$ cat data.pdb   # PDB, C-alpha atoms
ATOM      1  CA  MET A   1       2.925 -14.599  35.428
ATOM      2  CA  GLU A   2       2.288 -10.908  34.802
ATOM      3  CA  ASN A   3       1.257  -9.528  31.434
ATOM      4  CA  SER A   4       4.647  -7.953  30.853
ATOM      5  CA  GLU A   5       6.313 -11.329  31.409
ATOM      6  CA  LYS A   6       4.010 -12.937  28.870
ATOM      7  CA  GLY A   7       4.822 -10.236  26.379
ATOM      8  CA  GLU A   8       1.319  -8.780  26.449
ATOM      9  CA  GLY A   9       2.280  -5.370  27.844
ATOM     10  CA  PRO A  10       3.596  -3.870  24.595
ATOM     11  CA  ARG A  11       0.764  -5.436  22.633
ATOM     12  CA  ARG A  12      -1.810  -3.817  24.874
ATOM     13  CA  SER A  13      -0.217  -0.401  24.519
ATOM     14  CA  ALA A  14      -0.117  -0.917  20.728
ATOM     15  CA  ALA A  15      -3.819  -1.780  20.889
ATOM     16  CA  ARG A  16      -4.452   1.477  22.746
ATOM     17  CA  VAL A  17      -2.613   3.361  20.028
ATOM     18  CA  ASP A  18      -4.706   1.568  17.404
ATOM     19  CA  ASP A  19      -7.877   2.333  19.362
ATOM     20  CA  SER A  20      -7.002   6.007  19.517
ATOM     21  CA  LEU A  21      -6.243   5.978  15.786
ATOM     22  CA  GLU A  22      -9.547   4.261  15.080
ATOM     23  CA  ASP A  23     -11.313   6.864  17.230
ATOM     24  CA  LEU A  24      -9.576   9.695  15.358
ATOM     25  CA  ALA A  25     -10.616   8.163  12.042
ATOM     26  CA  LEU A  26     -14.249   7.927  13.111
ATOM     27  CA  ARG A  27     -14.238  11.524  14.363
ATOM     28  CA  ALA A  28     -12.601  12.681  11.118
ATOM     29  CA  ARG A  29     -15.158  10.720   9.114
ATOM     30  CA  ASP A  30     -17.908  12.511  11.017
ATOM     31  CA  GLY A  31     -16.515  15.913  10.032
ATOM     32  CA  ASP A  32     -14.131  16.836  12.877
ATOM     33  CA  SER A  33     -11.418  18.764  10.989
ATOM     34  CA  ALA A  34      -9.055  18.849  13.993
ATOM     35  CA  ALA A  35      -9.298  15.052  14.227
ATOM     36  CA  LEU A  36      -8.540  14.799  10.501
ATOM     37  CA  ASP A  37      -5.450  16.996  10.859
ATOM     38  CA  ASP A  38      -4.242  14.902  13.798
ATOM     39  CA  LEU A  39      -5.006  11.664  11.948
ATOM     40  CA  LEU A  40      -3.019  12.734   8.884
ATOM     41  CA  ARG A  41      -0.059  13.759  11.061
ATOM     42  CA  ARG A  42      -0.097  10.439  12.892
ATOM     43  CA  ILE A  43      -0.383   8.182   9.848
ATOM     44  CA  GLN A  44       2.119  10.030   7.637
ATOM     45  CA  PRO A  45       5.262   8.086   8.742
ATOM     46  CA  GLU A  46       3.528   4.713   8.308
ATOM     47  CA  VAL A  47       2.074   5.732   4.936
ATOM     48  CA  LEU A  48       5.527   6.778   3.725
ATOM     49  CA  ARG A  49       7.042   3.520   4.976
ATOM     50  CA  ARG A  50       4.414   1.488   3.154
ATOM     51  CA  CYS A  51       4.785   3.497  -0.064
ATOM     52  CA  ALA A  52       8.518   2.851   0.089
ATOM     53  CA  ARG A  53       7.776  -0.882  -0.004
ATOM     54  CA  PHE A  54       6.340  -0.385  -3.471
ATOM     55  CA  LEU A  55       8.557   2.297  -4.936
ATOM     56  CA  PRO A  56      12.355   2.052  -5.015
ATOM     57  CA  TYR A  57      13.186   5.753  -4.816
ATOM     58  CA  ARG A  58      12.394   7.951  -1.845
ATOM     59  CA  GLN A  59      11.090  10.833  -3.978
ATOM     60  CA  ASP A  60       8.609   8.511  -5.660
ATOM     61  CA  ALA A  61       7.535   7.088  -2.310
ATOM     62  CA  GLU A  62       7.082  10.622  -0.977
ATOM     63  CA  GLU A  63       4.928  11.522  -3.985
ATOM     64  CA  ALA A  64       2.786   8.425  -3.428
ATOM     65  CA  CYS A  65       2.594   9.234   0.290
ATOM     66  CA  GLN A  66       1.294  12.739  -0.405
ATOM     67  CA  ASP A  67      -1.237  11.312  -2.846
ATOM     68  CA  ALA A  68      -2.388   8.751  -0.268
ATOM     69  CA  LEU A  69      -2.762  11.386   2.457
ATOM     70  CA  LEU A  70      -4.742  13.577   0.069
ATOM     71  CA  ARG A  71      -6.991  10.624  -0.781
ATOM     72  CA  VAL A  72      -7.536   9.950   2.916
ATOM     73  CA  ALA A  73      -8.449  13.590   3.513
ATOM     74  CA  ARG A  74     -10.834  13.677   0.549
ATOM     75  CA  ASN A  75     -12.421  10.267   1.068
ATOM     76  CA  ILE A  76     -12.515   9.826   4.856
ATOM     77  CA  GLY A  77     -16.262  10.357   4.678
ATOM     78  CA  GLY A  78     -16.470   7.105   2.699
ATOM     79  CA  PHE A  79     -14.805   5.126   5.487
ATOM     80  CA  LYS A  80     -17.699   3.022   6.776
ATOM     81  CA  GLY A  81     -16.092   1.890  10.003
ATOM     82  CA  ASP A  82     -17.153  -1.748   9.598
ATOM     83  CA  SER A  83     -13.488  -2.700   9.174
ATOM     84  CA  LEU A  84     -10.455  -1.202  10.864
ATOM     85  CA  PHE A  85      -9.299   2.189   9.621
ATOM     86  CA  THR A  86      -5.812   0.765   9.117
ATOM     87  CA  THR A  87      -7.266  -1.871   6.778
ATOM     88  CA  TRP A  88      -8.992   0.842   4.750
ATOM     89  CA  LEU A  89      -5.804   2.911   4.846
ATOM     90  CA  TYR A  90      -3.625   0.086   3.468
ATOM     91  CA  THR A  91      -5.944  -0.190   0.477
ATOM     92  CA  VAL A  92      -5.656   3.563  -0.135
ATOM     93  CA  VAL A  93      -1.854   3.399   0.231
ATOM     94  CA  SER A  94      -1.398   0.471  -2.154
ATOM     95  CA  ASN A  95      -3.637   2.106  -4.751
ATOM     96  CA  SER A  96      -1.752   5.413  -4.433
ATOM     97  CA  ALA A  97       1.658   3.765  -4.752
ATOM     98  CA  ARG A  98       0.604   1.767  -7.787
ATOM     99  CA  GLN A  99      -0.997   4.847  -9.356
ATOM    100  CA  THR A 100       2.190   6.855  -8.779
ATOM    101  CA  TYR A 101       4.169   4.121 -10.502
ATOM    102  CA  ARG A 102       1.786   4.082 -13.475
ATOM    103  CA  SER A 103       1.971   7.865 -13.703
ATOM    104  CA  MET A 104       5.785   7.784 -13.656
ATOM    105  CA  LYS A 105       5.797   5.083 -16.303
ATOM    106  CA  ARG A 106       3.388   7.064 -18.493
ATOM    107  CA  ARG A 107       5.460  10.258 -18.112
ATOM    108  CA  SER A 108       8.573   8.301 -18.995
ATOM    109  CA  ALA A 109       6.947   6.955 -22.168
ATOM    110  CA  GLU A 110       5.773  10.439 -23.151
ATOM    111  CA  LEU A 111       9.284  11.902 -22.807
ATOM    112  CA  PRO A 112      11.592   9.326 -24.422
ATOM    113  CA  THR A 113      14.201  11.974 -25.211
ATOM    114  CA  GLU A 114      14.741  12.688 -21.489
ATOM    115  CA  SER A 115      17.364   9.933 -21.305
ATOM    116  CA  ASP A 116      19.141  11.474 -24.291
ATOM    117  CA  ARG A 117      19.365  14.806 -22.477
ATOM    118  CA  LEU A 118      20.614  13.166 -19.273
ATOM    119  CA  PRO A 119      23.013  10.419 -20.416
ATOM    120  CA  HIS A 120      24.494  10.074 -16.922
ATOM    121  CA  GLN A 121      21.155   8.715 -15.630
ATOM    122  CA  ARG A 122      21.151   4.931 -15.295
ATOM    123  CA  ASP A 123      18.401   2.386 -15.446
ATOM    124  CA  PRO A 124      17.545   1.563 -11.805
ATOM    125  CA  ARG A 125      17.663  -2.145 -12.667
ATOM    126  CA  THR A 126      21.386  -1.851 -13.260
ATOM    127  CA  THR A 127      22.099   0.183 -10.137
ATOM    128  CA  SER A 128      20.103  -1.629  -7.496
ATOM    129  CA  VAL A 129      18.847  -5.166  -7.204
ATOM    130  CA  ILE A 130      16.181  -3.972  -4.773
ATOM    131  CA  ALA A 131      15.014  -1.193  -7.084
ATOM    132  CA  GLY A 132      14.964  -3.567 -10.042
ATOM    133  CA  SER A 133      12.986  -6.203  -8.181
ATOM    134  CA  ARG A 134      10.424  -3.610  -7.032
ATOM    135  CA  ILE A 135      10.035  -2.302 -10.560
ATOM    136  CA  ASP A 136       9.682  -5.858 -11.843
ATOM    137  CA  LEU A 137       7.029  -6.524  -9.210
ATOM    138  CA  LEU A 138       5.088  -3.395 -10.166
ATOM    139  CA  GLU A 139       5.264  -4.467 -13.813
ATOM    140  CA  ALA A 140       4.026  -7.940 -12.853
ATOM    141  CA  LEU A 141       1.152  -6.404 -10.863
ATOM    142  CA  ASP A 142       0.217  -4.233 -13.840
ATOM    143  CA  GLN A 143       0.203  -7.334 -16.058
ATOM    144  CA  LEU A 144      -1.901  -9.196 -13.497
ATOM    145  CA  GLU A 145      -4.337  -6.286 -13.406
ATOM    146  CA  ARG A 146      -4.737  -6.476 -17.177
ATOM    147  CA  ASP A 147      -5.165 -10.273 -17.196
ATOM    148  CA  ARG A 148      -6.924 -11.050 -13.914
ATOM    149  CA  PRO A 149      -7.926  -7.819 -12.106
ATOM    150  CA  ASN A 150      -9.804  -9.636  -9.340
ATOM    151  CA  LEU A 151      -6.526 -11.164  -8.102
ATOM    152  CA  VAL A 152      -4.633  -7.900  -7.571
ATOM    153  CA  ALA A 153      -6.224  -6.450  -4.420
ATOM    154  CA  PRO A 154      -6.032  -9.650  -2.324
ATOM    155  CA  LEU A 155      -2.424 -10.243  -3.382
ATOM    156  CA  VAL A 156      -1.309  -6.667  -2.691
ATOM    157  CA  LEU A 157      -3.070  -6.541   0.674
ATOM    158  CA  ARG A 158      -1.519  -9.853   1.758
ATOM    159  CA  ASP A 159       2.003  -9.734   0.359
ATOM    160  CA  LEU A 160       2.782  -6.019   0.345
ATOM    161  CA  CYS A 161       0.555  -4.630   3.084
ATOM    162  CA  GLN A 162       0.965  -7.787   5.191
ATOM    163  CA  MET A 163      -2.668  -7.930   6.233
ATOM    164  CA  ASP A 164      -4.040 -11.194   7.521
ATOM    165  CA  TYR A 165      -6.530 -13.222   5.510
ATOM    166  CA  LYS A 166      -9.523 -12.364   7.705
ATOM    167  CA  GLU A 167      -8.861  -8.614   7.407
ATOM    168  CA  ILE A 168      -8.603  -8.946   3.640
ATOM    169  CA  ALA A 169     -11.836 -10.928   3.478
ATOM    170  CA  ALA A 170     -13.615  -8.271   5.526
ATOM    171  CA  GLU A 171     -12.132  -5.376   3.526
ATOM    172  CA  LEU A 172     -13.006  -6.901   0.143
ATOM    173  CA  ASP A 173     -16.281  -8.446   1.326
ATOM    174  CA  LEU A 174     -15.221 -11.903   0.148
ATOM    175  CA  ALA A 175     -15.314 -15.353   1.692
ATOM    176  CA  LEU A 176     -12.080 -16.384   3.401
ATOM    177  CA  GLY A 177     -11.611 -19.321   0.997
ATOM    178  CA  THR A 178     -12.040 -17.008  -1.993
ATOM    179  CA  VAL A 179      -9.387 -14.666  -0.625
ATOM    180  CA  LYS A 180      -6.907 -17.513  -0.107
ATOM    181  CA  SER A 181      -7.620 -18.888  -3.574
ATOM    182  CA  ARG A 182      -7.168 -15.496  -5.245
ATOM    183  CA  ILE A 183      -3.914 -14.876  -3.411
ATOM    184  CA  HIS A 184      -2.621 -18.295  -4.459
ATOM    185  CA  GLU A 185      -3.610 -17.701  -8.092
ATOM    186  CA  GLY A 186      -2.198 -14.171  -8.030
ATOM    187  CA  ARG A 187       1.138 -15.415  -6.720
ATOM    188  CA  LYS A 188       1.332 -18.003  -9.496
ATOM    189  CA  HIS A 189       0.734 -15.362 -12.164
ATOM    190  CA  VAL A 190       3.216 -12.909 -10.626
ATOM    191  CA  ARG A 191       5.881 -15.636 -10.304
ATOM    192  CA  ALA A 192       5.438 -16.482 -13.977
ATOM    193  CA  SER A 193       5.776 -12.801 -14.926
ATOM    194  CA  LEU A 194       8.938 -12.432 -12.845
ATOM    195  CA  GLN A 195      10.692 -15.406 -14.455
TER
END

$ encode --input "data.pdb" --output "structure tokens"
Amino acid sequence: MENSEKGEGPRRSAARVDDSLEDLALRARDGDSAALDDLLRRIQPEVLRRCARFLPYRQDAEEACQDALLRVARNIGGFKGDSLFTTWLYTVVSNSARQTYRSMKRRSAELPTESDRLPHQRDPRTTSVIAGSRIDLLEALDQLERDRPNLVAPLVLRDLCQMDYKEIAAELDLALGTVKSRIHEGRKHVRASLQ
């Protein structure tokens, strides 16, 4: 049976794309500004898609995306290359999305009269089940970060970034069993917060 019949053809071409992305990341890390520009252009759609998993409104996801791309550009020199670039990127994206949410929440608390000036604005929880559940999840993750901060990164990388356990273990420099345990504990805490 040929590779295409086994379903390996598309996977191999995806691996080539990943290899070229990894190569771009290494060149950008080493100071190649053209490689950095190309890298940022190539990852932008995926970064936006991943930010949208966290944030219910497109404008918020776009803000988080821009923040993530800026962080990549500023911190690419810190990418060690001992894990995949995409693994490092997912950590940057999840941190940017959560930071954007915190910033929005803080701005909202600082301007409580905004809702008085715009009475036609509705609470997203009443207008969209999806938006409400994402906001609830972000609140639960914030609570988890206050109570058990060591559980947040493994849980976010697994459940929101959909990384596999081995990638998470490598990214966080933890034993595989520790990663699984922290994810399990994190899920229990988040479930309790969501109830």

$ closest_residue --input "data.pdb" --among "A:Ala73, A:Cys65, A:Val156, A:Val179" --to "Ala34 of chain A" --atoms "all atoms listed in the file"
A:Ala73

$ residues_around --input "data.pdb" --residues "Met163 of chain A" --least-positions-apart "5" --cutoff "12 Å" --atoms "only C-alpha atoms" --output "PyMOL selection string"
chain A and resi 84+86-91+94+153-158+168-171+179+183

$ write_last_selection --input "data.pdb" --atoms "C-alpha atoms" --output "mmCIF file, in the coordinates of the input"
data_model
loop_
_atom_site.group_PDB
_atom_site.id
_atom_site.type_symbol
_atom_site.label_atom_id
_atom_site.label_comp_id
_atom_site.auth_asym_id
_atom_site.auth_seq_id
_atom_site.Cartn_x
_atom_site.Cartn_y
_atom_site.Cartn_z
ATOM 1 C CA LEU A 84 -10.455 -1.202 10.864
ATOM 2 C CA THR A 86 -5.812 0.765 9.117
ATOM 3 C CA THR A 87 -7.266 -1.871 6.778
ATOM 4 C CA TRP A 88 -8.992 0.842 4.750
ATOM 5 C CA LEU A 89 -5.804 2.911 4.846
ATOM 6 C CA TYR A 90 -3.625 0.086 3.468
ATOM 7 C CA THR A 91 -5.944 -0.190 0.477
ATOM 8 C CA SER A 94 -1.398 0.471 -2.154
ATOM 9 C CA ALA A 153 -6.224 -6.450 -4.420
ATOM 10 C CA PRO A 154 -6.032 -9.650 -2.324
ATOM 11 C CA LEU A 155 -2.424 -10.243 -3.382
ATOM 12 C CA VAL A 156 -1.309 -6.667 -2.691
ATOM 13 C CA LEU A 157 -3.070 -6.541 0.674
ATOM 14 C CA ARG A 158 -1.519 -9.853 1.758
ATOM 15 C CA ILE A 168 -8.603 -8.946 3.640
ATOM 16 C CA ALA A 169 -11.836 -10.928 3.478
ATOM 17 C CA ALA A 170 -13.615 -8.271 5.526
ATOM 18 C CA GLU A 171 -12.132 -5.376 3.526
ATOM 19 C CA VAL A 179 -9.387 -14.666 -0.625
ATOM 20 C CA ILE A 183 -3.914 -14.876 -3.411
#

$ atom_distance --input "data.pdb" --atom1 "atom CA of Arg102 of chain A" --atom2 "atom CA of Leu141 of chain A"
10.8 Å

$ atom_distance --input "data.pdb" --atom1 "atom CA of Ser96 of chain A" --atom2 "atom CA of Ala25 of chain A"
18.9 Å

$ atom_distance --input "data.pdb" --atom1 "atom CA of Gly31 of chain A" --atom2 "atom CA of Gln44 of chain A"
19.7 Å

$ closest_residue --input "data.pdb" --among "A:Asp136, A:Cys161, A:Ile76, A:Ala192" --to "Asn95 of chain A" --atoms "all atoms listed in the file"
A:Cys161

$ resolve_selection --input "data.pdb" --expression "the PyMOL selection byres ((chain A and resi 28) around 12)" --output "PyMOL selection string"
chain A and resi 21-27+29-40+72-81+85

$ closest_residue --input "data.pdb" --among "A:Val152, A:Arg71, A:Asp173, A:Leu48" --to "Lys188 of chain A" --atoms "all atoms listed in the file"
A:Val152

$ closest_residue --input "data.pdb" --among "A:Asp19, A:Asp147, A:Glu62, A:Glu46" --to "Tyr101 of chain A" --atoms "only C-alpha atoms"
A:Glu62

$ axis_aligned_box --input "data.pdb" --around "segment 43-61 of chain A" --padding-each-side "3 Å" --output "AutoDock Vina command-line options"
--center_x 6.4 --center_y 5.0 --center_z 2.1 --size_x 19.6 --size_y 17.7 --size_z 21.5

$ residues_near_point --input "data.pdb" --point "(7.6, 7.3, -2.6)" --cutoff "9 Å" --atoms "all atoms listed in the file" --output "number ranges by chain"
A: 48-66, 97, 100

$ write_last_selection --input "data.pdb" --atoms "C-alpha atoms" --output "short mmCIF file (atom, residue, chain, number, x, y, z; two decimals), in the frame of the given file"
data_model
loop_
_atom_site.label_atom_id
_atom_site.label_comp_id
_atom_site.auth_asym_id
_atom_site.auth_seq_id
_atom_site.Cartn_x
_atom_site.Cartn_y
_atom_site.Cartn_z
CA LEU A 48 5.53 6.78 3.72
CA ARG A 49 7.04 3.52 4.98
CA ARG A 50 4.41 1.49 3.15
CA CYS A 51 4.78 3.50 -0.06
CA ALA A 52 8.52 2.85 0.09
CA ARG A 53 7.78 -0.88 0.00
CA PHE A 54 6.34 -0.38 -3.47
CA LEU A 55 8.56 2.30 -4.94
CA PRO A 56 12.36 2.05 -5.01
CA TYR A 57 13.19 5.75 -4.82
CA ARG A 58 12.39 7.95 -1.84
CA GLN A 59 11.09 10.83 -3.98
CA ASP A 60 8.61 8.51 -5.66
CA ALA A 61 7.54 7.09 -2.31
CA GLU A 62 7.08 10.62 -0.98
CA GLU A 63 4.93 11.52 -3.98
CA ALA A 64 2.79 8.43 -3.43
CA CYS A 65 2.59 9.23 0.29
CA GLN A 66 1.29 12.74 -0.40
CA ALA A 97 1.66 3.76 -4.75
CA THR A 100 2.19 6.86 -8.78
#

$ closest_residue --input "data.pdb" --among "A:Val93, A:Leu151, A:Leu144, A:Met104" --to "Lys180 of chain A" --atoms "all atoms listed in the file"
A:Leu151
